[in-house]
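Novice: Take this structure, written in structure tokens, and hold onto it; I'll ask about it next.
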Amino acid sequence: MASLPIPQFLKTLFDSFPLLTYPANSLPSRCPTFDAVPSLYVFTTSEDAVSGNPSFNPGCLKWQAYMKFNQIEFKTVPSNNHASPTGALPFVISQRRSMSESMELAVVPSNKLAAWIEKHGYSFEGMVGMDSARAEAFLALVNSQLRDAWLYSLYLEPNNSQDLASVLYCGSSVSAVSSFLLRQTKAAARQQLLQAHPGGVLDPRKIYADAGAALQAISTILGNHMWFFGGSNPGLFDASVFAYTHLILTLRWHSEENALLRAVMGHDNLLGHEERIRCEFFREAKTPNLNHWVWEA
Amino acid sequence: MASSPSTSDDILDSLKKNVDPTVLSERDAAMRKRVAKQYEKAQNQLRNLVNANSTLPVTISFINIDGAKNTRTGFLRKVLEQTFAESKGPGFTLEDALRELRRDCNTFYKFGIFHPPTLYIDSAGKRDGKTMLKAEISLRELPRFTLKTGTDMGNTEGSGYPEGSGYLSLTYRNMFGGAESLNGYASTGTRTRSAYELNFQAPINANPDLILETSGYASTRSHQYYSSHEEVLRGGKVGVKWGEHETGYTGVWRQITGLAQEASPTIRGDAGDSVKSSLWHAFTRDRRDSHLLPTRGWMVKSESEVAGWGGLGGDVAFWKNEMETQVAAPLGASGVSVSAGLRGGLLYPLCLGVGDNRKPPQPSRINDRFRLGGPTDVRGFKECGLGPRHGNDSVGGDIYMAGGASIYFPLPKVGPEKPLRLQAFVNSGRLVGLQGLAEDSGDVNSSVAGALKELGNGLPSVAAGIGLVYAHPIARFELNFCLPLVKRSGEKGRKGLQLGIGINFR
């Protein structure tokens with residue numbers, strides 16, 4: 001059809017439709033609006049989102065903290081994995097000026113956040129990048145040993161999964177839906193753990209012992225420094241560690257399923273590190289109720 | 001009626017096989033109607049025969065039912081109860097007896113578990129000055145199990161784009177001997193990626209016009225074409241159908257997932273899980289001569305739904321109402337006819353829950369908002385091309401109004417007998433969202449008033465065109481040349497040719 005020659009007057013006539021174009025329809029109320037401030041989509045409650053409190057998910061909290069370290073102004077939006085372009089939170093939606101000077105929205109998934117933050121954040125002198133081989137090695141400790149123990153204690157310890165994971169991640173007004181979602185989430189956590197621990201059997205003692213060793217190593221590398229690797233400002237590694245230590249210290253673990261909490265409590269310098277970041281960047285965040293836990297231990 | 005998937009290129013051929021189950025049931029209904037007519041004719045002859053004796057006082061002494069081996073006696077007796085009761089009356093005549101027995105036969109047939117019944121009547125002597133009648137109703141049961149496989153070709157709600165899908169359906173008829181039926185259905189396709197349903201129906205009190213229906217279902221529907229997501233539904237419903245009414249309860253867990261890379265923030269904001277728990281009612285009165293190409297008659301339809309209100313629970317709370325009307329009339333005897341339709345819908349947010357857990361009315365989600373536009377809906381606009389948009393995504397609206405008028409001309413040499421027409425149409429629509437509602441504040445009434453005012457702001461979005469309409473027995477085809485005349489910036493008009501295939505045309 002495209003090859004047919006169309007007389008010019010017909011084309012002009014055709015192009016004159018529609019005869020009348022009104023301004024665009026306004027979006028319904030629930031549709032999000034965007035201004036100059038970027039939005040970070042994380043696992044959080046709507047109350048915590050308003051006050052900018054830490055996300056309850058370590059993967060999200062890491063980037064939330066890192067953005068704060070970089071003095072990026074942003075708001076947090078409660079979300080879930082279905083919303084993410086990669087299938088996992090967090091991600092950022094920000095406005096960017098396009099060629100035509102009109103504002104365009106860009107979605108930045110978590111794997112591109114580091115570069116995005118570098119571009120948009122305030123760069124500090126003496127901020128330690130993540131490129132050193134040493135940092136990489138320690139980051140691997142956090143992302144494997146510590147993460148495995150986190151997954152195990154949150155999703156596979158029976159009481160924690162019922163009282164914490166279910167409420168945080170599988171909240172629904174209908175209990176049948178909640179329990180279905182919890183079952184799915186637990187199966188996913190188990191699957192992730194089995195990838196790291198082949199053989200089909202998960203030994204919690206080993207998982208917690210590995211995490212304990214990792215925390216020991218992290219604690220040793222921090223030593224008496226303010227921040228990791230002797231930086232004068234906190235960096236991405238500090239954010240990664242804080243994301244776990246803060247959540248491990250503040251979640252209301254079941255008293256018989258709090259091995260991770262006890263492991264963190266054994267390192268005073270990590271407690272201090274968590275407190276420094278919390279006090280400086282998350283003033284309204286929950287404080288760990290240490291007395292309660294000491295008494296329990 | 002079973003057919004298997006075919007690879008034939010001939011679209012009409014494959015269409016004949018690709019029958020939507022709703023169409024099948026309509027066809028069944030048509031056949032049943034035809035048979036019932038013949039039956040009525042035979043009865044008329046009989047009536048003439050007995051006309052002379054129509055006032056003869058009679059009583060029915062017994063009715064013998066034959067051939068219903070899988071049907072419960074109690075169930076059969078229930079159907080005949082009224083006939084026996086009436087036959088004891090003093091003024092019961094032969095004419096009454098015939099009418100009653102004929103009604104019973106018709107009732108048996110309506111359960112959908114028997115072939116057309118046959119009726120024999122004989123005299124069984126006289127008692128107390130009354131002629132005793134014995135009747136025999138001969139029934140033949142339909143097979144208890146029916147398995148159908150094939151390919152569907154239907155339109156997804158209001159889309160008008162053909163959907164190809166394969167399906168498998170198994171029916172267990174007359175399950176407990178009381179005309180109960182259990183139906184399992186599974187399908188997979190392009191738009192409805194997968195659908196499973198288990199459905200149980202049973203007449204209440206042996207009344208074929210009062211049906212209890214319960215079903216459980218799971219499906220995945222693609223909305224990628226116009227709003228960059230898929231919706232997974234898992235739910236159940238229980239309802240009662242009587243005549244033109246249907247009412248019931250639905251509980252469904254919805255999941256917005258599988259977002260496209262370019263999905264707009266509105267879709268991302270609504271992604272994830274929500275539960276709808278709602279009571280609904282639907283009423284349809286259809287007096288049109290054909291629903292695919294009506295030339296005479298009218299239709300009104302109303303659907304209401306209350307979700308999440310009071311103790312209903314779930315995550316969404318609203319009152320939703322949709323009304324639709326259509327009128328058709330012939331212009332003289334030339335075969336030219338006109339039809340016009342008007343419809344509208346409103347979604348009114350309500351408080352969710354009761355007591356301390358009561359939450360203020362929340363703005364609607366994309367799952368619940370209306371969509372508008374498309375070749376079977378508002379022609380001259382793309383599927384869901386009307387209403388608010390975020391980026392490339394149609395996000396739907398809370399209030400809509402749409403209407404259209406068509407004039408149909410029979411084709412020269414083809415004539416008005418063939419279901420083929422030339423049409424000229426004008427149609428319009430407007431879909432708007434409620435403004436100024438926040439999660440925890442906002443006045444719903446003023447928001448609705450504002451949106452209603454916006455509906456009347458300027459001309460609605462309008463398109464006009466001409467085209468060909470073909471009402472094939474299983475679906476209606478339209479090929480139109482359309483021109484959008486008025487639209488809102490961003491609304492997706494369709495300039496030029498537009499093809500529409502579907503069962504429900506507006």
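Ligands are numbered from 1 in the order shown, residues from 1 within each chain, and chains are lettered A, B, ... in the order they appear in the structure tokens.
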Name all residues at most 6 Å from Gly429 of chain B (count only C-alpha atoms; drop same-chain ones fewer than 3 positions away) and give them as a list in words.

Specialist: Met401, Ala402, Pro460 and Ser461 of chain B

Novice: Grab the residues selected above and save them as an mmCIF file, in the first residue's frame with C-alpha atoms.

Specialist:
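Done, and the output landed in selection27.cif:
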data_model
loop_
_atom_site.group_PDB
_atom_site.id
_atom_site.type_symbol
_atom_site.label_atom_id
_atom_site.label_comp_id
_atom_site.auth_asym_id
_atom_site.auth_seq_id
_atom_site.Cartn_x
_atom_site.Cartn_y
_atom_site.Cartn_z
ATOM 1 C CA MET B 401 -19.265 8.045 28.310
ATOM 2 C CA ALA B 402 -19.393 6.734 24.770
ATOM 3 C CA PRO B 460 -15.894 14.388 23.099
ATOM 4 C CA SER B 461 -13.267 12.598 21.035
#

Novice: Show me, as a ChimeraX atom specification, the residues of chain B whose atoms get within 8 Å of chain A, using only C-alpha atoms for the distance check.

Specialist: /B:253,256-261,265-275,313-315,363-365,387-390,395,397-398,432-439,483-491

Novice: For the residues in that selection, give me N, CA and C atoms as a compact mmCIF listing (two decimals), in the first residue's frame.

Specialist:
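In the end it all went to selection32.txt:
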# COMPACT_ATOMS: atom_id res chain seq x y z
N TRP B 253 -7.54 -12.56 43.43
CA TRP B 253 -6.20 -12.04 43.69
C TRP B 253 -5.60 -11.65 42.34
N ILE B 256 -0.18 -7.61 38.99
CA ILE B 256 0.32 -6.90 37.80
C ILE B 256 1.80 -7.22 37.72
N THR B 257 2.20 -7.86 36.63
CA THR B 257 3.59 -8.33 36.56
C THR B 257 4.05 -8.34 35.10
N GLY B 258 5.25 -8.83 34.87
CA GLY B 258 5.78 -8.93 33.51
C GLY B 258 5.82 -7.60 32.78
N LEU B 259 6.24 -6.54 33.49
CA LEU B 259 6.24 -5.21 32.89
C LEU B 259 7.24 -5.11 31.74
N ALA B 260 6.86 -4.34 30.72
CA ALA B 260 7.79 -4.10 29.61
C ALA B 260 8.89 -3.15 30.10
N GLN B 261 10.03 -3.20 29.42
CA GLN B 261 11.14 -2.32 29.80
C GLN B 261 10.72 -0.85 29.81
N PRO B 265 5.88 4.94 34.77
CA PRO B 265 5.86 4.91 36.24
C PRO B 265 4.47 4.60 36.81
N THR B 266 3.42 4.94 36.09
CA THR B 266 2.08 4.61 36.58
C THR B 266 1.89 3.10 36.67
N ILE B 267 2.35 2.39 35.64
CA ILE B 267 2.24 0.94 35.66
C ILE B 267 3.15 0.38 36.75
N ARG B 268 4.36 0.93 36.86
CA ARG B 268 5.28 0.46 37.91
C ARG B 268 4.68 0.69 39.29
N GLY B 269 3.98 1.80 39.44
CA GLY B 269 3.38 2.11 40.73
C GLY B 269 2.29 1.12 41.12
N ASP B 270 1.59 0.59 40.13
CA ASP B 270 0.49 -0.33 40.42
C ASP B 270 0.92 -1.79 40.35
N ALA B 271 2.19 -2.04 40.02
CA ALA B 271 2.66 -3.42 39.89
C ALA B 271 2.56 -4.13 41.24
N GLY B 272 2.35 -5.44 41.18
CA GLY B 272 2.28 -6.22 42.41
C GLY B 272 0.89 -6.76 42.67
N ASP B 273 0.65 -7.09 43.93
CA ASP B 273 -0.55 -7.83 44.30
C ASP B 273 -1.66 -6.95 44.86
N SER B 274 -2.88 -7.32 44.55
CA SER B 274 -4.03 -6.73 45.23
C SER B 274 -5.16 -7.75 45.20
N VAL B 275 -6.05 -7.61 46.16
CA VAL B 275 -7.18 -8.54 46.23
C VAL B 275 -8.47 -7.76 46.11
N GLY B 313 -13.79 -6.82 52.78
CA GLY B 313 -12.34 -7.08 52.82
C GLY B 313 -11.67 -6.85 51.49
N GLY B 314 -10.45 -7.35 51.36
CA GLY B 314 -9.68 -7.10 50.15
C GLY B 314 -8.88 -5.82 50.26
N ASP B 315 -8.25 -5.44 49.15
CA ASP B 315 -7.38 -4.27 49.16
C ASP B 315 -7.96 -3.08 48.42
N PRO B 363 -7.60 6.35 45.65
CA PRO B 363 -7.73 6.45 44.19
C PRO B 363 -7.59 5.07 43.54
N SER B 364 -8.24 4.89 42.39
CA SER B 364 -8.33 3.58 41.76
C SER B 364 -6.99 3.09 41.20
N ARG B 365 -6.91 1.77 41.05
CA ARG B 365 -5.75 1.15 40.42
C ARG B 365 -6.04 0.85 38.96
N GLY B 387 -8.61 8.28 26.43
CA GLY B 387 -8.42 8.49 27.86
C GLY B 387 -6.99 8.81 28.24
N PRO B 388 -6.78 8.93 29.57
CA PRO B 388 -5.47 9.35 30.07
C PRO B 388 -4.36 8.39 29.68
N ARG B 389 -3.22 8.96 29.38
CA ARG B 389 -2.06 8.15 29.02
C ARG B 389 -0.85 8.64 29.77
N HIS B 390 0.00 7.70 30.13
CA HIS B 390 1.28 8.05 30.73
C HIS B 390 2.34 7.47 29.81
N VAL B 395 -3.63 4.33 30.73
CA VAL B 395 -3.74 4.01 32.15
C VAL B 395 -5.19 3.90 32.60
N GLY B 397 -9.41 5.16 32.98
CA GLY B 397 -10.06 6.27 33.65
C GLY B 397 -11.18 5.79 34.56
N ASP B 398 -11.72 6.71 35.35
CA ASP B 398 -12.74 6.35 36.34
C ASP B 398 -14.16 6.63 35.86
N VAL B 432 -12.20 9.82 31.51
CA VAL B 432 -11.40 10.72 32.36
C VAL B 432 -11.13 10.06 33.71
N GLY B 433 -10.07 10.53 34.33
CA GLY B 433 -9.70 10.01 35.65
C GLY B 433 -10.13 10.98 36.74
N LEU B 434 -10.37 10.44 37.93
CA LEU B 434 -10.69 11.30 39.07
C LEU B 434 -9.43 12.04 39.49
N GLN B 435 -9.60 13.34 39.76
CA GLN B 435 -8.46 14.16 40.13
C GLN B 435 -8.51 14.51 41.61
N GLY B 436 -7.35 14.82 42.17
CA GLY B 436 -7.30 15.41 43.51
C GLY B 436 -7.56 14.45 44.65
N LEU B 437 -7.48 13.15 44.39
CA LEU B 437 -7.61 12.20 45.49
C LEU B 437 -6.22 11.74 45.90
N ALA B 438 -5.94 11.77 47.21
CA ALA B 438 -4.66 11.27 47.67
C ALA B 438 -4.91 10.02 48.49
N GLU B 439 -3.83 9.36 48.89
CA GLU B 439 -3.95 8.13 49.66
C GLU B 439 -4.78 8.33 50.92
N LEU B 483 -11.72 8.11 10.12
CA LEU B 483 -11.00 9.36 10.33
C LEU B 483 -11.35 9.92 11.71
N PRO B 484 -10.37 10.07 12.58
CA PRO B 484 -10.64 10.73 13.85
C PRO B 484 -10.88 12.21 13.58
N LEU B 485 -11.95 12.74 14.13
CA LEU B 485 -12.27 14.15 13.88
C LEU B 485 -11.81 15.03 15.04
N VAL B 486 -12.08 14.53 16.27
CA VAL B 486 -11.70 15.29 17.46
C VAL B 486 -11.00 14.33 18.39
N LYS B 487 -9.91 14.77 18.98
CA LYS B 487 -9.27 13.93 20.00
C LYS B 487 -8.53 14.77 21.01
N ARG B 488 -8.08 14.09 22.08
CA ARG B 488 -7.22 14.75 23.06
C ARG B 488 -5.78 14.47 22.67
N SER B 489 -4.92 15.40 22.94
CA SER B 489 -3.52 15.19 22.63
C SER B 489 -3.04 13.89 23.31
N GLY B 490 -2.35 13.07 22.57
CA GLY B 490 -1.86 11.81 23.12
C GLY B 490 -2.78 10.64 22.85
N GLU B 491 -4.06 10.89 22.65
CA GLU B 491 -4.98 9.77 22.36
C GLU B 491 -4.62 9.16 21.01

Novice: So which residues of segment 123-274 of chain B fall under strand (DSSP E) by DSSP, listed as a ChimeraX atom specification?

Specialist: /B:123-127,130-138,145-155,162-173,181-189,192-204,207-222,230-242,245-257,272-274

Novice: If you count only C-alpha atoms, which residues fall within 6 Å of Glu136 of chain B, apart from same-chain ones fewer than 3 positions away, as a list in words?

Specialist: Ile63, Asn64, Ile65, Leu119 and Tyr120 of chain B

Novice: Save the residues we just selected, C-alpha atoms, as a tab-separated table (two decimals), in the first residue's frame?

Specialist:
chain	number	residue	atom	x	y	z
B	63	ILE	CA	-47.00	-39.72	34.54
B	64	ASN	CA	-44.50	-42.29	33.50
B	65	ILE	CA	-41.00	-41.05	32.85
B	119	LEU	CA	-44.95	-36.90	25.18
B	120	TYR	CA	-47.71	-39.54	24.90

Novice: Neighbours of Gly341 of chain B within 10 Å (only C-alpha atoms; same-chain residues fewer than 4 positions away dropped), as a PyMOL selection string?

Specialist: chain B and resi 298-300+324-328+402-406+427+506

Novice: Just all heavy atoms for this one: save the residues we selected as a compact mmCIF listing (two decimals), in the first residue's frame.

Specialist:
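Result file follows (out.txt):
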# COMPACT_ATOMS: atom_id res chain seq x y z
N TRP B 298 -34.25 -3.39 20.80
CA TRP B 298 -33.44 -2.60 21.74
C TRP B 298 -32.81 -3.50 22.79
O TRP B 298 -33.19 -4.65 22.97
CB TRP B 298 -34.29 -1.52 22.40
CG TRP B 298 -35.55 -2.04 23.04
CD1 TRP B 298 -36.77 -2.18 22.43
CD2 TRP B 298 -35.72 -2.52 24.37
NE1 TRP B 298 -37.68 -2.70 23.30
CE2 TRP B 298 -37.07 -2.92 24.50
CE3 TRP B 298 -34.87 -2.64 25.47
CZ2 TRP B 298 -37.57 -3.45 25.68
CZ3 TRP B 298 -35.37 -3.16 26.65
CH2 TRP B 298 -36.73 -3.55 26.75
N MET B 299 -31.84 -2.94 23.48
CA MET B 299 -31.14 -3.69 24.50
C MET B 299 -30.72 -2.73 25.60
O MET B 299 -30.29 -1.61 25.31
CB MET B 299 -29.90 -4.33 23.86
CG MET B 299 -29.05 -5.19 24.75
SD MET B 299 -27.77 -4.29 25.62
CE MET B 299 -26.68 -3.82 24.32
N VAL B 300 -30.90 -3.16 26.85
CA VAL B 300 -30.30 -2.41 27.96
C VAL B 300 -29.52 -3.37 28.82
O VAL B 300 -29.91 -4.53 28.99
CB VAL B 300 -31.33 -1.72 28.90
CG1 VAL B 300 -31.72 -0.37 28.40
CG2 VAL B 300 -32.52 -2.59 29.16
N GLU B 324 -25.48 0.32 29.54
CA GLU B 324 -25.35 0.33 28.09
C GLU B 324 -26.72 0.20 27.46
O GLU B 324 -27.55 -0.58 27.95
CB GLU B 324 -24.45 -0.83 27.65
CG GLU B 324 -24.21 -0.85 26.17
CD GLU B 324 -23.29 -1.99 25.73
OE1 GLU B 324 -22.72 -2.67 26.60
OE2 GLU B 324 -23.17 -2.19 24.52
N THR B 325 -26.97 0.95 26.40
CA THR B 325 -28.24 0.81 25.69
C THR B 325 -27.95 0.78 24.20
O THR B 325 -26.97 1.35 23.74
CB THR B 325 -29.18 2.01 25.93
OG1 THR B 325 -28.50 3.18 25.51
CG2 THR B 325 -29.57 2.14 27.37
N GLN B 326 -28.80 0.10 23.48
CA GLN B 326 -28.69 0.13 22.03
C GLN B 326 -30.09 0.02 21.43
O GLN B 326 -30.94 -0.70 21.96
CB GLN B 326 -27.82 -1.03 21.54
CG GLN B 326 -27.32 -0.80 20.13
CD GLN B 326 -26.57 -1.99 19.56
OE1 GLN B 326 -26.94 -3.13 19.82
NE2 GLN B 326 -25.54 -1.71 18.78
N VAL B 327 -30.31 0.77 20.38
CA VAL B 327 -31.60 0.74 19.68
C VAL B 327 -31.32 0.53 18.21
O VAL B 327 -30.37 1.11 17.67
CB VAL B 327 -32.35 2.08 19.83
CG1 VAL B 327 -33.77 1.94 19.33
CG2 VAL B 327 -32.34 2.55 21.26
N ALA B 328 -32.13 -0.30 17.55
CA ALA B 328 -31.99 -0.47 16.11
C ALA B 328 -33.37 -0.43 15.49
O ALA B 328 -34.35 -0.87 16.09
CB ALA B 328 -31.31 -1.80 15.81
N ALA B 402 -19.69 6.97 26.18
CA ALA B 402 -19.39 6.73 24.77
C ALA B 402 -20.69 6.50 24.04
O ALA B 402 -21.66 5.99 24.60
CB ALA B 402 -18.47 5.53 24.60
N GLY B 403 -20.72 6.88 22.79
CA GLY B 403 -21.94 6.68 22.02
C GLY B 403 -21.61 6.66 20.55
O GLY B 403 -20.54 7.09 20.13
N GLY B 404 -22.56 6.13 19.78
CA GLY B 404 -22.32 6.08 18.35
C GLY B 404 -23.60 5.80 17.60
O GLY B 404 -24.59 5.36 18.19
N ALA B 405 -23.58 6.10 16.32
CA ALA B 405 -24.73 5.80 15.48
C ALA B 405 -24.22 5.29 14.15
O ALA B 405 -23.19 5.74 13.66
CB ALA B 405 -25.57 7.05 15.28
N SER B 406 -24.93 4.29 13.60
CA SER B 406 -24.54 3.73 12.31
C SER B 406 -25.76 3.62 11.43
O SER B 406 -26.88 3.43 11.92
CB SER B 406 -23.96 2.32 12.47
OG SER B 406 -22.84 2.34 13.30
N ASN B 427 -18.87 7.84 15.82
CA ASN B 427 -18.90 7.45 17.24
C ASN B 427 -17.93 8.30 18.04
O ASN B 427 -17.02 8.94 17.50
CB ASN B 427 -18.67 5.95 17.44
CG ASN B 427 -17.37 5.42 16.89
OD1 ASN B 427 -17.12 4.23 16.87
ND2 ASN B 427 -16.48 6.30 16.42
N ARG B 506 -20.10 -2.44 19.85
CA ARG B 506 -20.84 -1.36 20.46
C ARG B 506 -21.28 -0.39 19.37
O ARG B 506 -20.64 -0.22 18.38
CB ARG B 506 -19.97 -0.61 21.47
CG ARG B 506 -20.14 -1.10 22.87
CD ARG B 506 -19.39 -2.41 23.12
NE ARG B 506 -19.61 -2.92 24.45
CZ ARG B 506 -18.65 -3.07 25.34
NH1 ARG B 506 -17.41 -2.75 25.07
NH2 ARG B 506 -18.94 -3.56 26.53

Novice: So which residues touch Ala213 of chain A within 12 Å, counting only C-alpha atoms, skipping near sequence neighbours fewer than 4 positions away, as JSON, numbers by chain?

Specialist: {"A": [138, 141, 142, 144, 145, 146, 149, 206, 207, 208, 209, 217, 218, 219, 220, 260, 263, 264, 266, 267]}

Novice: Go ahead and write the selection's residues with all heavy atoms as a compact mmCIF listing (two decimals), in the first residue's frame.

Specialist:
# COMPACT_ATOMS: atom_id res chain seq x y z
N PHE A 138 36.26 -8.36 49.93
CA PHE A 138 35.44 -8.24 51.13
C PHE A 138 33.96 -8.10 50.80
O PHE A 138 33.09 -8.57 51.53
CB PHE A 138 35.94 -7.07 51.99
CG PHE A 138 37.12 -7.45 52.81
CD1 PHE A 138 38.41 -7.15 52.40
CD2 PHE A 138 36.97 -8.17 54.00
CE1 PHE A 138 39.51 -7.53 53.15
CE2 PHE A 138 38.06 -8.55 54.75
CZ PHE A 138 39.33 -8.23 54.33
N LEU A 141 32.42 -11.34 50.50
CA LEU A 141 32.08 -11.92 51.80
C LEU A 141 30.68 -11.49 52.24
O LEU A 141 29.87 -12.28 52.70
CB LEU A 141 33.08 -11.45 52.87
CG LEU A 141 34.37 -12.22 53.05
CD1 LEU A 141 35.12 -11.62 54.23
CD2 LEU A 141 34.08 -13.68 53.33
N VAL A 142 30.43 -10.17 52.09
CA VAL A 142 29.13 -9.65 52.48
C VAL A 142 28.04 -10.26 51.61
O VAL A 142 27.00 -10.70 52.10
CB VAL A 142 29.10 -8.11 52.35
CG1 VAL A 142 27.72 -7.57 52.66
CG2 VAL A 142 30.15 -7.49 53.25
N SER A 144 27.97 -12.99 49.90
CA SER A 144 27.70 -14.43 49.97
C SER A 144 27.43 -14.88 51.40
O SER A 144 26.28 -15.14 51.76
CB SER A 144 28.84 -15.21 49.31
OG SER A 144 30.07 -14.86 49.89
N GLN A 145 28.46 -14.92 52.23
CA GLN A 145 28.28 -15.47 53.58
C GLN A 145 27.21 -14.74 54.40
O GLN A 145 26.33 -15.36 54.98
CB GLN A 145 29.61 -15.45 54.34
CG GLN A 145 30.41 -16.73 54.21
CD GLN A 145 31.25 -16.75 52.94
OE1 GLN A 145 30.83 -16.22 51.90
NE2 GLN A 145 32.43 -17.35 53.01
N LEU A 146 27.33 -13.41 54.41
CA LEU A 146 26.40 -12.65 55.24
C LEU A 146 24.98 -12.72 54.67
O LEU A 146 24.00 -12.87 55.38
CB LEU A 146 26.90 -11.20 55.31
CG LEU A 146 26.44 -10.39 56.52
CD1 LEU A 146 26.69 -11.14 57.81
CD2 LEU A 146 27.16 -9.04 56.55
N ALA A 149 23.32 -16.13 55.37
CA ALA A 149 22.83 -16.24 56.74
C ALA A 149 21.60 -15.38 56.94
O ALA A 149 20.65 -15.75 57.64
CB ALA A 149 23.93 -15.81 57.71
N LYS A 206 26.48 -24.37 59.84
CA LYS A 206 27.56 -23.98 58.93
C LYS A 206 27.31 -22.58 58.37
O LYS A 206 28.21 -21.76 58.28
CB LYS A 206 27.68 -25.01 57.79
CG LYS A 206 28.81 -24.67 56.85
CD LYS A 206 29.12 -25.77 55.86
CE LYS A 206 30.34 -25.42 55.01
NZ LYS A 206 30.32 -24.06 54.48
N ILE A 207 26.05 -22.35 58.00
CA ILE A 207 25.72 -21.05 57.42
C ILE A 207 26.02 -19.93 58.42
O ILE A 207 26.63 -18.92 58.09
CB ILE A 207 24.23 -21.03 56.98
CG1 ILE A 207 24.05 -21.97 55.78
CG2 ILE A 207 23.78 -19.63 56.62
CD1 ILE A 207 22.62 -22.18 55.36
N TYR A 208 25.61 -20.13 59.69
CA TYR A 208 25.85 -19.10 60.69
C TYR A 208 27.34 -18.99 61.02
O TYR A 208 27.84 -17.90 61.27
CB TYR A 208 25.03 -19.38 61.95
CG TYR A 208 23.55 -19.11 61.75
CD1 TYR A 208 22.59 -20.02 62.18
CD2 TYR A 208 23.13 -17.93 61.14
CE1 TYR A 208 21.24 -19.78 61.99
CE2 TYR A 208 21.78 -17.69 60.95
CZ TYR A 208 20.84 -18.61 61.37
OH TYR A 208 19.52 -18.35 61.18
N ALA A 209 28.04 -20.14 61.02
CA ALA A 209 29.46 -20.10 61.32
C ALA A 209 30.21 -19.32 60.23
O ALA A 209 31.09 -18.50 60.52
CB ALA A 209 30.01 -21.52 61.42
N ALA A 217 36.04 -11.11 59.86
CA ALA A 217 36.98 -10.55 58.88
C ALA A 217 36.67 -9.08 58.61
O ALA A 217 37.56 -8.23 58.52
CB ALA A 217 36.91 -11.36 57.59
N ILE A 218 35.35 -8.77 58.50
CA ILE A 218 34.95 -7.40 58.21
C ILE A 218 35.31 -6.49 59.38
O ILE A 218 35.81 -5.38 59.21
CB ILE A 218 33.43 -7.35 57.91
CG1 ILE A 218 33.14 -8.06 56.59
CG2 ILE A 218 32.93 -5.92 57.86
CD1 ILE A 218 31.68 -8.41 56.39
N SER A 219 35.10 -7.02 60.58
CA SER A 219 35.41 -6.27 61.78
C SER A 219 36.91 -5.99 61.85
O SER A 219 37.34 -4.88 62.19
CB SER A 219 34.94 -7.04 63.00
OG SER A 219 35.49 -6.51 64.17
N THR A 220 37.69 -6.98 61.49
CA THR A 220 39.14 -6.82 61.53
C THR A 220 39.59 -5.76 60.54
O THR A 220 40.41 -4.90 60.86
CB THR A 220 39.84 -8.16 61.20
OG1 THR A 220 39.31 -9.15 62.07
CG2 THR A 220 41.34 -8.05 61.36
N LEU A 260 22.37 -14.47 64.07
CA LEU A 260 23.04 -13.38 63.36
C LEU A 260 23.20 -12.16 64.26
O LEU A 260 24.25 -11.51 64.26
CB LEU A 260 22.21 -12.98 62.15
CG LEU A 260 22.68 -13.46 60.78
CD1 LEU A 260 21.76 -12.91 59.71
CD2 LEU A 260 24.11 -13.04 60.53
N ALA A 263 25.95 -12.67 66.56
CA ALA A 263 27.24 -12.58 65.88
C ALA A 263 27.66 -11.11 65.69
O ALA A 263 28.82 -10.76 65.88
CB ALA A 263 27.18 -13.28 64.54
N VAL A 264 26.69 -10.25 65.34
CA VAL A 264 27.02 -8.83 65.13
C VAL A 264 27.36 -8.17 66.47
O VAL A 264 28.29 -7.37 66.58
CB VAL A 264 25.87 -8.08 64.43
CG1 VAL A 264 26.14 -6.59 64.38
CG2 VAL A 264 25.66 -8.63 63.02
N GLY A 266 28.85 -9.21 68.84
CA GLY A 266 30.19 -9.52 69.32
C GLY A 266 31.26 -8.56 68.79
O GLY A 266 32.43 -8.69 69.17
N HIS A 267 30.90 -7.65 67.89
CA HIS A 267 31.92 -6.76 67.30
C HIS A 267 31.58 -5.32 67.60
O HIS A 267 30.76 -4.71 66.91
CB HIS A 267 32.00 -7.00 65.79
CG HIS A 267 32.32 -8.41 65.43
ND1 HIS A 267 33.58 -8.96 65.57
CD2 HIS A 267 31.53 -9.43 64.98
CE1 HIS A 267 33.56 -10.24 65.21
NE2 HIS A 267 32.32 -10.55 64.86

Novice: Based on DSSP run over this structure's backbone, return all residues of segment 176-344 of chain B in helix (DSSP H, G or I), as a ChimeraX atom specification.

Specialist: /B:224-227,265-270,310-312

Novice: How many Å separate atom CA of Glu157 of chain A from atom CA of Leu247 of chain A?

Specialist: 16.3 Å

Novice: Rounded to one decimal place, report the atom CA of His254 of chain A-atom CA of Ile277 of chain A distance in Å.

Specialist: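 About the pair atom CA of His254 of chain A and atom CA of Ile277 of chain A: they are 25.6 Å apart.
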
Novice: Write out as a ChimeraX atom specification which residues come within 12 Å of Asp128 of chain B when counting only C-alpha atoms, dropping same-chain ones fewer than 6 positions away.

Specialist: /B:57-59,90

Novice: Rounded to one decimal, what separation in Å do you get between atom CA of Arg221 of chain B and atom CA of Gly189 of chain B?

Specialist: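 Between atom CA of Arg221 of chain B and atom CA of Gly189 of chain B the gap works out to 9.4 Å.
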